[in-house]
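Report on the following structure.
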Amino acid sequence: MGTPQRDVKVNYSEVQKDLLIEKHCAFLIGYGRSHNTYEYGATDYLRMSGIYWLCTCLDLLHSLKLIDQEHIIDYIQKCYDKNSGGYSPCPNHDPHLLYTLSAVQLLVQLNRTDLIDKQSLCSYIKQLQQDDGSFIGDQWGEIDTRFSFCAVACLKLIDSLDTIDIDRATNFIMSCLNFDGGFGCIPGAESHAGQIYCCLGFLSLVQRLDNLDLSTRNMLAWWLCERQLDKSGGLNGRPEKLPDVCYSWWVLASLKILGKIQWINREKLSKFILASQDDETGGCSDRPGNIPDPFHTLFGIAGLSLLNTYDENIIRKVNPVLCMPEYIIQKLEIKMQLL
Ligand code: FPP
Ligand code: ZN
């Protein structure tokens with residue numbers, strides 16, 4: 001007998017089984033408004049992404065009209081750094097690729113791409129590419145496959161992929177492939193479901209998934225579906241870690257790109273996500289009983305969208321590569337590769 005899996009105990013006879021749409025919308029809108037709370041002040045370093053999580057989730061729930069879009073557009077403009085061409089998480093902070101992607105995703109979603117200075121944005125992204133094809137996230141020089149994903153996702157959204165050296169960028173991503181079929185943040189780093197999503201998303205956007213041969217694809221899909229824990233039904237991000245609702249996104253989106261989403265037990269995972277809702281305040285947390293936040297709320301709802309648990313009239317279809325409503329990607333005619 002092997003060692004028992006690390007997991008959480010969920011009492012499925014007592015937890016929430018219905019999707020609390022109105023409560024989630026109220027939670028997300030309230031989060032955006034609560035400027036005086038500790039949570040708001042403590043998260044200024046990632047606020048641009050916070051607004052993207054909030055707006056995307058509202059859009060998936062057909063409720064984007066409930067927020068003040070002008071206010072958000074104004075905020076994004078205040079985070080634009082005209083010296084570099086990138087965006088910062090909040091005014092007077094340094095620009096970074098992570099928040100630049102969130103800003104671009106928001107401007108696309110709010111139908112305001114006219115506000116993007118494409119040329120400056122392209123030169124901002126181009127100067128972050130290194131000789132080995134990798135990307136640094138900002139002037140401080142950290143390299144991570146997340147930043148390769150952010151670079152190509154931004155460029156794809158403004159139809160400017162040819163700005164960077166795709167061959168070198170792809171070689172760097174492939175140099176992060178591990179013996180187990182997974183990817184890490186730099187060459188030799190441990191496989192991690194979040195980084196796998198970034199690397200598969202990258203290969204999908206540049207249409208180079210053919211770099212992965214059949215046995216690697218199968219090994220990777222197997223590694224990903226092993227993230228589902230027997231008892232709780234939730235997904236973890238690496239072996240021996242506890243299940244976490246956000247991995248419903250990183251793992252499922254990766255499996256969707258590989259054409260193997262059916263390898264996950266859909267009923268069990270749906271139940272785990274629903275059990276992670278807060279039935280008093282609305283919102284989802286990382287696992288049942290914890291405090292909800294917009295990050296886990298988006299990735300829980302986006303996970304349910306990939307699982308097709310609900311009709312499109314309830315949760316819109318999400319694009320598995322860009323984590324944006326599919327209707328927007330279709331309207332822009334953005335093409336990506338799915339296996
Ligand atoms: C886990 O992070 C997740 C990742 C490493 C992937 C992050 C991906 C991006 C930032 C790209 C943009 C994403 C979208 C959806 C457009 P963690 O720090 O929570 O990992 P841990 O669970 O190991 O702490
Ligand atoms: Zn999480």
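Ordering of the structure tokens sets the chain letters (A, B, ...); residue numbers start at 1 within each chain; ligands are numbered from 1 in the order shown.
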
Original post:
What are the DSSP alpha helix (DSSP H) residues of region 13-128 of chain A, as a VMD selection string?
Top reply: chain A and resid 21 to 33 38 to 42 47 to 60 69 to 78 97 to 109 118 to 126

Original post:
Can you list, as an MDAnalysis selection string, every protein, DNA or RNA residue that comes within 9 Å of Ala26 (chain A) when you count only C-alpha atoms, leaving out same-chain residues fewer than 6 positions away?
Top reply: chainID A and resid 281:283

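Shortest separation to ligand 2 among A:Glu326, A:Glu280, A:Leu235, A:Arg266 occurs at residue A:Leu235, atoms counted being only C-alpha atoms and all ligand atoms.
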
Original post:
What lies within 7 Å of region 95-107 of chain A using only C-alpha atoms, ignoring chain neighbours under 2 positions off, as a PyMOL selection string?
Top reply: chain A and resi 48-49+52+76+81+86-89+93+109-113+137-138+147+150-151+154

Written file, previous selection with C-alpha atoms, as a PDB file, in the first residue's frame:
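selection-v8.pdb was written with the following content:
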```
ATOM      1  CA  MET A  48      -4.108  45.797 -11.843  1.00  0.00           C
ATOM      2  CA  SER A  49      -4.347  42.003 -11.886  1.00  0.00           C
ATOM      3  CA  TYR A  52      -8.644  41.880 -14.255  1.00  0.00           C
ATOM      4  CA  ILE A  76      -5.519  51.872 -16.152  1.00  0.00           C
ATOM      5  CA  ASP A  81       4.273  54.476 -17.821  1.00  0.00           C
ATOM      6  CA  GLY A  86       4.406  49.281 -19.923  1.00  0.00           C
ATOM      7  CA  TYR A  87       1.830  49.339 -17.124  1.00  0.00           C
ATOM      8  CA  SER A  88       2.305  49.188 -13.354  1.00  0.00           C
ATOM      9  CA  PRO A  89       0.010  47.505 -10.802  1.00  0.00           C
ATOM     10  CA  HIS A  93       4.848  51.891  -9.006  1.00  0.00           C
ATOM     11  CA  GLN A 109     -12.380  43.337 -22.599  1.00  0.00           C
ATOM     12  CA  LEU A 110     -13.704  46.873 -22.155  1.00  0.00           C
ATOM     13  CA  ASN A 111     -13.405  47.465 -25.894  1.00  0.00           C
ATOM     14  CA  ARG A 112     -10.896  50.331 -25.472  1.00  0.00           C
ATOM     15  CA  THR A 113      -7.862  49.116 -27.441  1.00  0.00           C
ATOM     16  CA  GLY A 137       9.491  40.726 -16.030  1.00  0.00           C
ATOM     17  CA  ASP A 138      10.953  44.185 -15.444  1.00  0.00           C
ATOM     18  CA  PHE A 147       6.904  36.310 -18.341  1.00  0.00           C
ATOM     19  CA  CYS A 150       2.735  37.405 -20.633  1.00  0.00           C
ATOM     20  CA  ALA A 151       4.851  38.742 -23.511  1.00  0.00           C
ATOM     21  CA  CYS A 154       0.012  40.824 -24.833  1.00  0.00           C
TER      22      CYS A 154
END
```

Write out as JSON lines a residue-level contact list of chain A versus ligand 2 with cut-off 6 Å: for each qualifying residue the closest pair of atoms and the distance in Å to one decimal, counting only C-alpha atoms and all ligand atoms, rows sorted by chain and residue number upward.
```
{"residue": "A:Asp244", "atom": "CA", "partner": "ligand 2", "partner_atom_place_in_ligand_line": "1 (Zn)", "distance": 5.1}
{"residue": "A:Val245", "atom": "CA", "partner": "ligand 2", "partner_atom_place_in_ligand_line": "1 (Zn)", "distance": 5.9}
{"residue": "A:Cys246", "atom": "CA", "partner": "ligand 2", "partner_atom_place_in_ligand_line": "1 (Zn)", "distance": 4.3}
{"residue": "A:Asp286", "atom": "CA", "partner": "ligand 2", "partner_atom_place_in_ligand_line": "1 (Zn)", "distance": 5.1}
```

Can you write just those residues out, all heavy atoms, as an mmCIF file, in the first residue's frame?
```cif
data_model
loop_
_atom_site.group_PDB
_atom_site.id
_atom_site.type_symbol
_atom_site.label_atom_id
_atom_site.label_comp_id
_atom_site.auth_asym_id
_atom_site.auth_seq_id
_atom_site.Cartn_x
_atom_site.Cartn_y
_atom_site.Cartn_z
ATOM 1 N N ASP A 244 -6.330 23.123 -4.234
ATOM 2 C CA ASP A 244 -6.528 24.570 -4.224
ATOM 3 C C ASP A 244 -7.370 24.911 -5.465
ATOM 4 O O ASP A 244 -7.037 24.486 -6.580
ATOM 5 C CB ASP A 244 -5.133 25.230 -4.303
ATOM 6 C CG ASP A 244 -5.181 26.752 -4.335
ATOM 7 O OD1 ASP A 244 -6.186 27.313 -4.801
ATOM 8 O OD2 ASP A 244 -4.181 27.369 -3.910
ATOM 9 N N VAL A 245 -8.434 25.686 -5.245
ATOM 10 C CA VAL A 245 -9.374 26.018 -6.331
ATOM 11 C C VAL A 245 -8.683 26.647 -7.541
ATOM 12 O O VAL A 245 -9.081 26.394 -8.679
ATOM 13 C CB VAL A 245 -10.495 26.945 -5.790
ATOM 14 C CG1 VAL A 245 -11.249 27.634 -6.919
ATOM 15 C CG2 VAL A 245 -11.466 26.135 -4.944
ATOM 16 N N CYS A 246 -7.610 27.437 -7.332
ATOM 17 C CA CYS A 246 -7.006 28.094 -8.504
ATOM 18 C C CYS A 246 -6.374 27.071 -9.456
ATOM 19 O O CYS A 246 -6.276 27.328 -10.659
ATOM 20 C CB CYS A 246 -6.023 29.197 -8.120
ATOM 21 S SG CYS A 246 -4.535 28.648 -7.300
ATOM 22 N N ASP A 286 -9.501 29.335 -1.530
ATOM 23 C CA ASP A 286 -8.635 28.296 -2.099
ATOM 24 C C ASP A 286 -9.155 26.892 -1.812
ATOM 25 O O ASP A 286 -8.996 25.983 -2.607
ATOM 26 C CB ASP A 286 -7.167 28.483 -1.662
ATOM 27 C CG ASP A 286 -6.963 28.550 -0.155
ATOM 28 O OD1 ASP A 286 -7.964 28.523 0.604
ATOM 29 O OD2 ASP A 286 -5.802 28.636 0.277
#
```

**OP:** Please give me, as a PyMOL selection string, the residues lying within 9 Å of ligand 1 when counting only C-alpha atoms and all ligand atoms.
**Re:** chain A and resi 49+52-53+98-99+101-102+105+145-150+153+184-185+192-198+236-238+241+244+246-247+249-250+299+320-324

Create the file for the chosen residues now, containing N, CA and C atoms and written as an mmCIF file, in the first residue's frame.
```cif
data_model
loop_
_atom_site.group_PDB
_atom_site.id
_atom_site.type_symbol
_atom_site.label_atom_id
_atom_site.label_comp_id
_atom_site.auth_asym_id
_atom_site.auth_seq_id
_atom_site.Cartn_x
_atom_site.Cartn_y
_atom_site.Cartn_z
ATOM 1 N N SER A 49 -3.891 43.379 -11.650
ATOM 2 C CA SER A 49 -4.347 42.003 -11.886
ATOM 3 C C SER A 49 -5.641 41.747 -11.114
ATOM 4 N N TYR A 52 -8.413 42.838 -13.162
ATOM 5 C CA TYR A 52 -8.644 41.880 -14.255
ATOM 6 C C TYR A 52 -9.410 40.641 -13.741
ATOM 7 N N TRP A 53 -9.025 40.117 -12.554
ATOM 8 C CA TRP A 53 -9.739 38.943 -12.021
ATOM 9 C C TRP A 53 -11.213 39.286 -11.810
ATOM 10 N N LEU A 98 3.692 41.412 -15.904
ATOM 11 C CA LEU A 98 2.486 40.790 -15.345
ATOM 12 C C LEU A 98 1.303 41.755 -15.401
ATOM 13 N N TYR A 99 1.549 43.009 -14.987
ATOM 14 C CA TYR A 99 0.452 43.993 -14.914
ATOM 15 C C TYR A 99 0.176 44.597 -16.280
ATOM 16 N N LEU A 101 0.136 42.760 -18.968
ATOM 17 C CA LEU A 101 -0.831 41.832 -19.566
ATOM 18 C C LEU A 101 -2.232 42.086 -18.993
ATOM 19 N N SER A 102 -2.333 42.247 -17.676
ATOM 20 C CA SER A 102 -3.663 42.489 -17.090
ATOM 21 C C SER A 102 -4.282 43.756 -17.667
ATOM 22 N N GLN A 105 -5.403 43.024 -21.230
ATOM 23 C CA GLN A 105 -6.609 42.176 -21.203
ATOM 24 C C GLN A 105 -7.844 43.013 -20.859
ATOM 25 N N THR A 145 9.199 31.591 -16.898
ATOM 26 C CA THR A 145 8.355 31.255 -18.058
ATOM 27 C C THR A 145 7.003 31.978 -18.001
ATOM 28 N N ARG A 146 6.592 32.430 -16.795
ATOM 29 C CA ARG A 146 5.367 33.247 -16.721
ATOM 30 C C ARG A 146 5.510 34.480 -17.603
ATOM 31 N N PHE A 147 6.726 35.057 -17.606
ATOM 32 C CA PHE A 147 6.904 36.310 -18.341
ATOM 33 C C PHE A 147 6.918 36.067 -19.856
ATOM 34 N N SER A 148 7.388 34.881 -20.280
ATOM 35 C CA SER A 148 7.321 34.531 -21.708
ATOM 36 C C SER A 148 5.855 34.479 -22.135
ATOM 37 N N PHE A 149 5.027 33.877 -21.262
ATOM 38 C CA PHE A 149 3.593 33.802 -21.571
ATOM 39 C C PHE A 149 2.999 35.211 -21.653
ATOM 40 N N CYS A 150 3.303 36.046 -20.657
ATOM 41 C CA CYS A 150 2.735 37.405 -20.633
ATOM 42 C C CYS A 150 3.118 38.170 -21.901
ATOM 43 N N ALA A 153 1.160 36.744 -24.907
ATOM 44 C CA ALA A 153 -0.289 36.990 -24.753
ATOM 45 C C ALA A 153 -0.608 38.454 -25.064
ATOM 46 N N GLY A 184 8.968 24.007 -15.660
ATOM 47 C CA GLY A 184 9.196 24.841 -14.486
ATOM 48 C C GLY A 184 9.406 26.294 -14.893
ATOM 49 N N CYS A 185 9.860 27.127 -13.944
ATOM 50 C CA CYS A 185 9.965 28.565 -14.253
ATOM 51 C C CYS A 185 11.264 28.912 -14.993
ATOM 52 N N HIS A 192 5.542 22.472 -12.270
ATOM 53 C CA HIS A 192 4.545 23.156 -11.446
ATOM 54 C C HIS A 192 3.374 23.469 -12.376
ATOM 55 N N ALA A 193 2.137 23.169 -11.938
ATOM 56 C CA ALA A 193 0.981 23.303 -12.841
ATOM 57 C C ALA A 193 0.807 24.734 -13.374
ATOM 58 N N GLY A 194 1.168 25.738 -12.562
ATOM 59 C CA GLY A 194 1.036 27.129 -13.023
ATOM 60 C C GLY A 194 1.997 27.420 -14.168
ATOM 61 N N GLN A 195 3.226 26.914 -14.023
ATOM 62 C CA GLN A 195 4.231 27.133 -15.083
ATOM 63 C C GLN A 195 3.876 26.307 -16.330
ATOM 64 N N ILE A 196 3.286 25.136 -16.115
ATOM 65 C CA ILE A 196 2.886 24.288 -17.250
ATOM 66 C C ILE A 196 1.832 25.030 -18.075
ATOM 67 N N TYR A 197 0.871 25.652 -17.375
ATOM 68 C CA TYR A 197 -0.147 26.456 -18.076
ATOM 69 C C TYR A 197 0.535 27.544 -18.909
ATOM 70 N N CYS A 198 1.513 28.225 -18.316
ATOM 71 C CA CYS A 198 2.194 29.316 -19.035
ATOM 72 C C CYS A 198 2.925 28.782 -20.270
ATOM 73 N N ASN A 236 -4.377 19.751 -6.997
ATOM 74 C CA ASN A 236 -3.222 20.470 -6.442
ATOM 75 C C ASN A 236 -2.287 20.895 -7.582
ATOM 76 N N GLY A 237 -1.241 21.644 -7.238
ATOM 77 C CA GLY A 237 -0.359 22.182 -8.280
ATOM 78 C C GLY A 237 0.915 21.383 -8.478
ATOM 79 N N ARG A 238 1.212 20.538 -7.486
ATOM 80 C CA ARG A 238 2.413 19.697 -7.503
ATOM 81 C C ARG A 238 2.137 18.506 -6.590
ATOM 82 N N LYS A 241 1.050 18.431 -2.473
ATOM 83 C CA LYS A 241 0.470 19.707 -2.045
ATOM 84 C C LYS A 241 -1.038 19.514 -1.831
ATOM 85 N N ASP A 244 -6.330 23.123 -4.234
ATOM 86 C CA ASP A 244 -6.528 24.570 -4.224
ATOM 87 C C ASP A 244 -7.370 24.911 -5.465
ATOM 88 N N CYS A 246 -7.610 27.437 -7.332
ATOM 89 C CA CYS A 246 -7.006 28.094 -8.504
ATOM 90 C C CYS A 246 -6.374 27.071 -9.456
ATOM 91 N N TYR A 247 -6.001 25.895 -8.924
ATOM 92 C CA TYR A 247 -5.445 24.859 -9.815
ATOM 93 C C TYR A 247 -6.516 24.213 -10.683
ATOM 94 N N TRP A 249 -8.065 25.983 -12.507
ATOM 95 C CA TRP A 249 -7.758 26.692 -13.751
ATOM 96 C C TRP A 249 -6.434 26.224 -14.358
ATOM 97 N N TRP A 250 -5.352 26.339 -13.632
ATOM 98 C CA TRP A 250 -4.030 26.060 -14.220
ATOM 99 C C TRP A 250 -3.975 24.645 -14.804
ATOM 100 N N PHE A 299 -10.886 31.960 -10.777
ATOM 101 C CA PHE A 299 -10.390 30.674 -11.269
ATOM 102 C C PHE A 299 -11.339 29.508 -10.948
ATOM 103 N N PRO A 320 -9.439 28.989 -22.977
ATOM 104 C CA PRO A 320 -8.514 28.268 -22.091
ATOM 105 C C PRO A 320 -7.080 28.798 -22.100
ATOM 106 N N VAL A 321 -6.712 29.591 -23.085
ATOM 107 C CA VAL A 321 -5.327 30.080 -23.159
ATOM 108 C C VAL A 321 -5.208 31.471 -22.541
ATOM 109 N N LEU A 322 -6.166 32.347 -22.858
ATOM 110 C CA LEU A 322 -6.046 33.735 -22.408
ATOM 111 C C LEU A 322 -6.867 34.053 -21.164
ATOM 112 N N CYS A 323 -7.677 33.094 -20.696
ATOM 113 C CA CYS A 323 -8.561 33.306 -19.543
ATOM 114 C C CYS A 323 -9.370 34.595 -19.701
ATOM 115 N N MET A 324 -10.037 34.662 -20.823
ATOM 116 C CA MET A 324 -10.945 35.781 -21.111
ATOM 117 C C MET A 324 -12.197 35.165 -21.748
#
```

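Proximity ranking of A:Ile73, A:Leu58, A:Val8, A:Leu155 relative to Leu115 (chain A) places A:Ile73 first, based on only C-alpha atoms.
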
**OP:** Would you mind listing what lies within 10 Å of Asp159 (chain A) as a list in words, with only C-alpha atoms counted and same-chain residues fewer than 6 positions away left out?
**Re:** Lys118, Val152, Ala153, Leu332 and Ile334 of chain A

Just to be explicit: take each residue in the selection above, keep C-alpha atoms, and write the result as a PDB file, in the first residue's frame.
```
ATOM      1  CA  LYS A 118       0.873  49.808 -29.809  1.00  0.00           C
ATOM      2  CA  VAL A 152       3.222  36.620 -26.228  1.00  0.00           C
ATOM      3  CA  ALA A 153      -0.289  36.990 -24.753  1.00  0.00           C
ATOM      4  CA  LEU A 332     -11.077  39.619 -32.499  1.00  0.00           C
ATOM      5  CA  ILE A 334      -7.486  35.527 -32.438  1.00  0.00           C
TER       6      ILE A 334
END
```

**OP:** List every residue of region 211-299 of chain A that DSSP, applied to the backbone of this structure, places in strand (DSSP E or B), and write the result as a VMD selection string.
**Re:** chain A and resid 228 235 277 284 293

Output file for the selection above: N, CA, C and O atoms, as an mmCIF file, in the first residue's frame:
```cif
data_model
loop_
_atom_site.group_PDB
_atom_site.id
_atom_site.type_symbol
_atom_site.label_atom_id
_atom_site.label_comp_id
_atom_site.auth_asym_id
_atom_site.auth_seq_id
_atom_site.Cartn_x
_atom_site.Cartn_y
_atom_site.Cartn_z
ATOM 1 N N GLN A 228 -5.512 15.482 -9.432
ATOM 2 C CA GLN A 228 -6.820 15.377 -8.772
ATOM 3 C C GLN A 228 -6.729 14.430 -7.582
ATOM 4 O O GLN A 228 -6.271 13.296 -7.708
ATOM 5 N N LEU A 235 -7.954 19.803 -7.102
ATOM 6 C CA LEU A 235 -6.672 19.636 -7.797
ATOM 7 C C LEU A 235 -5.573 20.362 -7.047
ATOM 8 O O LEU A 235 -5.784 21.475 -6.553
ATOM 9 N N GLN A 277 -17.175 27.835 -2.094
ATOM 10 C CA GLN A 277 -17.874 29.123 -2.086
ATOM 11 C C GLN A 277 -18.137 29.525 -0.634
ATOM 12 O O GLN A 277 -18.354 28.663 0.217
ATOM 13 N N CYS A 284 -15.195 32.718 -3.780
ATOM 14 C CA CYS A 284 -14.607 31.396 -3.517
ATOM 15 C C CYS A 284 -13.258 31.576 -2.837
ATOM 16 O O CYS A 284 -12.555 32.556 -3.092
ATOM 17 N N ASP A 293 -11.551 35.279 -1.993
ATOM 18 C CA ASP A 293 -10.859 36.415 -2.615
ATOM 19 C C ASP A 293 -11.162 36.388 -4.120
ATOM 20 O O ASP A 293 -11.566 35.351 -4.649
#
```

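For Glu226 (chain A), the list of residues within 12 Å, based on only C-alpha atoms and with local chain neighbours fewer than 4 positions off taken out, reads Gln5, Ala193, Met219, Leu220, Ala221, Trp222, Asp230, Gly233, Gly234, Leu235, Asn236, Gly237, Arg238, Pro239, Glu240, Lys241, Pro243, Val251, Leu252, Leu255, Trp263, Ile264 and Asn265 of chain A.
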
Restricting the output to C-alpha atoms, write the selected residues as a compact mmCIF listing (two decimals), in the first residue's frame.
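Produced file part.txt, reproduced below:
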```txt
# COMPACT_ATOMS: atom_id res chain seq x y z
CA GLN A 5 -2.45 11.32 -0.30
CA ALA A 193 0.98 23.30 -12.84
CA MET A 219 3.17 11.98 -20.00
CA LEU A 220 2.27 15.61 -19.32
CA ALA A 221 -1.50 14.95 -19.45
CA TRP A 222 -0.96 12.03 -17.06
CA ASP A 230 -9.25 11.05 -4.53
CA GLY A 233 -11.85 15.80 -5.76
CA GLY A 234 -9.88 19.09 -5.81
CA LEU A 235 -6.67 19.64 -7.80
CA ASN A 236 -3.22 20.47 -6.44
CA GLY A 237 -0.36 22.18 -8.28
CA ARG A 238 2.41 19.70 -7.50
CA PRO A 239 2.70 16.26 -5.86
CA GLU A 240 2.21 16.30 -2.06
CA LYS A 241 0.47 19.71 -2.04
CA PRO A 243 -5.89 20.94 -3.28
CA VAL A 251 -4.52 22.28 -14.56
CA LEU A 252 -7.80 22.20 -16.51
CA LEU A 255 -5.46 19.70 -20.16
CA TRP A 263 -9.14 12.72 -17.96
CA ILE A 264 -10.40 14.71 -14.94
CA ASN A 265 -13.40 13.57 -12.91
```

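Excluding Leu203 (chain A) itself and same-chain residues fewer than 4 positions from it, the residues having an atom within 8 Å of it are Thr170, Cys199, Gln207, Arg208, Leu209 and Gln337 of chain A, counting only C-alpha atoms.
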
Dump as a PDB file, in the first residue's frame, selection limited to N, CA, C and O atoms:
```
ATOM      1  N   THR A 170      10.729  30.298 -28.172  1.00  0.00           N
ATOM      2  CA  THR A 170      10.236  28.916 -28.119  1.00  0.00           C
ATOM      3  C   THR A 170      11.342  27.985 -27.610  1.00  0.00           C
ATOM      4  O   THR A 170      11.094  27.097 -26.784  1.00  0.00           O
ATOM      5  N   CYS A 199       3.603  27.649 -20.128  1.00  0.00           N
ATOM      6  CA  CYS A 199       4.400  27.116 -21.250  1.00  0.00           C
ATOM      7  C   CYS A 199       3.500  26.545 -22.339  1.00  0.00           C
ATOM      8  O   CYS A 199       3.739  26.774 -23.530  1.00  0.00           O
ATOM      9  N   GLN A 207       1.547  28.831 -31.826  1.00  0.00           N
ATOM     10  CA  GLN A 207       1.193  27.673 -32.660  1.00  0.00           C
ATOM     11  C   GLN A 207       2.383  26.730 -32.875  1.00  0.00           C
ATOM     12  O   GLN A 207       2.683  26.333 -33.996  1.00  0.00           O
ATOM     13  N   ARG A 208       3.066  26.403 -31.760  1.00  0.00           N
ATOM     14  CA  ARG A 208       4.216  25.497 -31.837  1.00  0.00           C
ATOM     15  C   ARG A 208       4.048  24.292 -30.908  1.00  0.00           C
ATOM     16  O   ARG A 208       5.037  23.771 -30.381  1.00  0.00           O
ATOM     17  N   LEU A 209       2.799  23.870 -30.682  1.00  0.00           N
ATOM     18  CA  LEU A 209       2.598  22.704 -29.809  1.00  0.00           C
ATOM     19  C   LEU A 209       3.204  21.434 -30.406  1.00  0.00           C
ATOM     20  O   LEU A 209       3.446  20.462 -29.694  1.00  0.00           O
ATOM     21  N   GLN A 337      -3.522  27.462 -31.080  1.00  0.00           N
ATOM     22  CA  GLN A 337      -3.536  26.036 -31.406  1.00  0.00           C
ATOM     23  C   GLN A 337      -4.041  25.239 -30.192  1.00  0.00           C
ATOM     24  O   GLN A 337      -3.568  25.462 -29.082  1.00  0.00           O
TER      25      GLN A 337
END
```

Original post:
Which neighbours of region 133-135 of chain A fall inside 8 Å, counting only C-alpha atoms, when residues of the same chain fewer than 4 positions from it are skipped, and could you give them as a list in words?
Top reply: Leu128, Gln129, Ile143, Asp144, Thr145, Phe147, Ser148, Ala151, Asp165, Ile166, Asp167, Arg168, Ala169, Thr170, Asn171, Phe172 and Ile173 of chain A

Original post:
How many Å lie between CA of Ile273 (chain A) and CA of Asn11 (chain A), rounded to one decimal?
Top reply: 13.3 Å

Subject >> One-decimal distance in Å that lies between CA of Asn83 (chain A) and CA of Leu121 (chain A) >> reply: 10.6 Å
